[in-house]
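Undergrad: Following this message is one structure expressed as structure tokens.
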Amino acid sequence: MLPATTKWYDRRDCVVIEFCVEDSKDVKVKFEKSKVNFICLGGTDGHKHQNEIDLFEVIDPNESKHKRTDRSVLCYLRKVESGKSWPRLTKDKAKLNWLGVDFNNWKDWEDDSDEELSSFDRFSEMMNNMGGEDELPDVDGADEDEYVDSDDEKMPDLE
């Protein structure tokens, strides 16, 4: 069994782990308070992958979830202590060659006041602030009857 290449990043209320296995099958993810177990078959050759991670802090296994895509398996680990930064994913400081930080999604949220709202709350707030069809703003010069454009003239017939 091979460990899957794994990336992770920290958020205020959760830690996200991505197991990078394309075309995964028979995915099994087990969340425990201080551990995550991942097993799957992956790729066209069907290699068996297994990762066992002893976590830096405690998570809520009942609120943690995973989602399989064609390219990877994403795991959302709900922190028991929301707002506490994780300097690393693992309990031990050992360097694991299959584990790395996902710098594309990493965000230094400790000093960021916008993170007070969860992502879902911010999305809901944005949707509520958007107007519907009945509330379209007036745009100067956009009255269709009065506006004539030179491009709207009839084109001559082609011979």
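Naming scheme: A, B, ... for chains in displayed order of the structure tokens; residues 1 onward per chain; ligands 1 onward as shown.
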Which residues are near Asn62 in chain A? Cut-off 10 Å, only C-alpha atoms, ignore same chain within fewer than 3 positions. Put them as an mmCIF file with N, CA, C and O atoms, in the first residue's frame.
TA:
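Once written, around-v6.cif looks like this:
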data_model
loop_
_atom_site.group_PDB
_atom_site.id
_atom_site.type_symbol
_atom_site.label_atom_id
_atom_site.label_comp_id
_atom_site.auth_asym_id
_atom_site.auth_seq_id
_atom_site.Cartn_x
_atom_site.Cartn_y
_atom_site.Cartn_z
ATOM 1 N N PHE A 31 -13.096 9.259 10.614
ATOM 2 C CA PHE A 31 -12.700 10.372 11.474
ATOM 3 C C PHE A 31 -12.793 9.931 12.930
ATOM 4 O O PHE A 31 -13.821 9.428 13.362
ATOM 5 N N GLU A 32 -11.716 10.122 13.660
ATOM 6 C CA GLU A 32 -11.701 9.912 15.104
ATOM 7 C C GLU A 32 -11.322 11.246 15.734
ATOM 8 O O GLU A 32 -10.941 12.180 15.041
ATOM 9 N N LYS A 33 -11.391 11.335 17.058
ATOM 10 C CA LYS A 33 -11.122 12.615 17.719
ATOM 11 C C LYS A 33 -9.730 13.158 17.427
ATOM 12 O O LYS A 33 -9.551 14.355 17.264
ATOM 13 N N ILE A 59 -10.522 16.977 16.841
ATOM 14 C CA ILE A 59 -11.592 17.388 15.926
ATOM 15 C C ILE A 59 -12.916 16.791 16.393
ATOM 16 O O ILE A 59 -12.946 15.909 17.258
ATOM 17 N N LYS A 65 -16.499 15.919 7.478
ATOM 18 C CA LYS A 65 -17.082 15.316 6.280
ATOM 19 C C LYS A 65 -16.007 15.118 5.222
ATOM 20 O O LYS A 65 -14.942 15.725 5.288
ATOM 21 N N LEU A 77 -12.325 18.789 8.343
ATOM 22 C CA LEU A 77 -12.251 18.381 9.736
ATOM 23 C C LEU A 77 -12.678 19.550 10.615
ATOM 24 O O LEU A 77 -12.022 20.591 10.633
ATOM 25 N N ARG A 78 -13.792 19.414 11.317
ATOM 26 C CA ARG A 78 -14.307 20.470 12.180
ATOM 27 C C ARG A 78 -13.501 20.503 13.471
ATOM 28 O O ARG A 78 -13.409 19.511 14.180
#
Undergrad: With a distance cut-off of 8 Å and only C-alpha atoms, select the neighbouring residues of Thr5 in chain A, excluding the residue or stretch itself and same-chain residues fewer than 5 positions from it, and output the selection as an MDAnalysis selection string.
TA: chainID A and resid 19:21 98:99
Undergrad: Which is closer to Lys25 in chain A than all the others in A:Asp70, A:Arg11, A:Pro3, A:Asn37, using only C-alpha atoms?
TA: A:Asp70
Undergrad: Taking 6 positions as the minimum chain separation for residues in the same chain, which residues sit within 9 Å of Ser82 in chain A when counting only C-alpha atoms? Answer as a ChimeraX atom specification.
TA: /A:11-14
Undergrad: Would you list the contacts of Glu22 in chain A as a list in words, taking every protein, DNA or RNA residue within 12 Å and counting only C-alpha atoms, but skipping same-chain residues closer than 3 positions in sequence?
TA: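 In the requested form, the answer reads Ala4, Thr5, Glu18, Phe19, Lys25, Val27, Cys40, Leu41, Gly42, Gly43, Thr44, Asp45, Gly46, His47, His49, Arg68, Thr69, Asp70, Arg71, Ser72 and Val73 of chain A.
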Undergrad: I need the strand (DSSP E) residues of range 14-53 of chain A per DSSP on the backbone, written as a ChimeraX atom specification.
TA: /A:14-20,25-32,35-42,47-53
Undergrad: Hey, can you check how far CA of Ala94 in chain A sits from CA of Leu55 in chain A?
TA: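 Computed distance, CA of Ala94 in chain A to CA of Leu55 in chain A, equals 12.3 Å.
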Undergrad: Identify which of the residues A:Asp92, A:Asp54, A:Asp108, A:Glu63 lies closest to Ser34 in chain A, counting only C-alpha atoms when measuring atom-to-atom distances.
TA: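 Using only C-alpha atoms, Ser34 in chain A sits closest to A:Asp54.
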Undergrad: A:Ile17, A:Trp8, A:Leu2, A:Gln50: which is nearest Cys75 in chain A, counting only C-alpha atoms?
TA: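 For Cys75 in chain A, the nearest of the candidates is A:Ile17.
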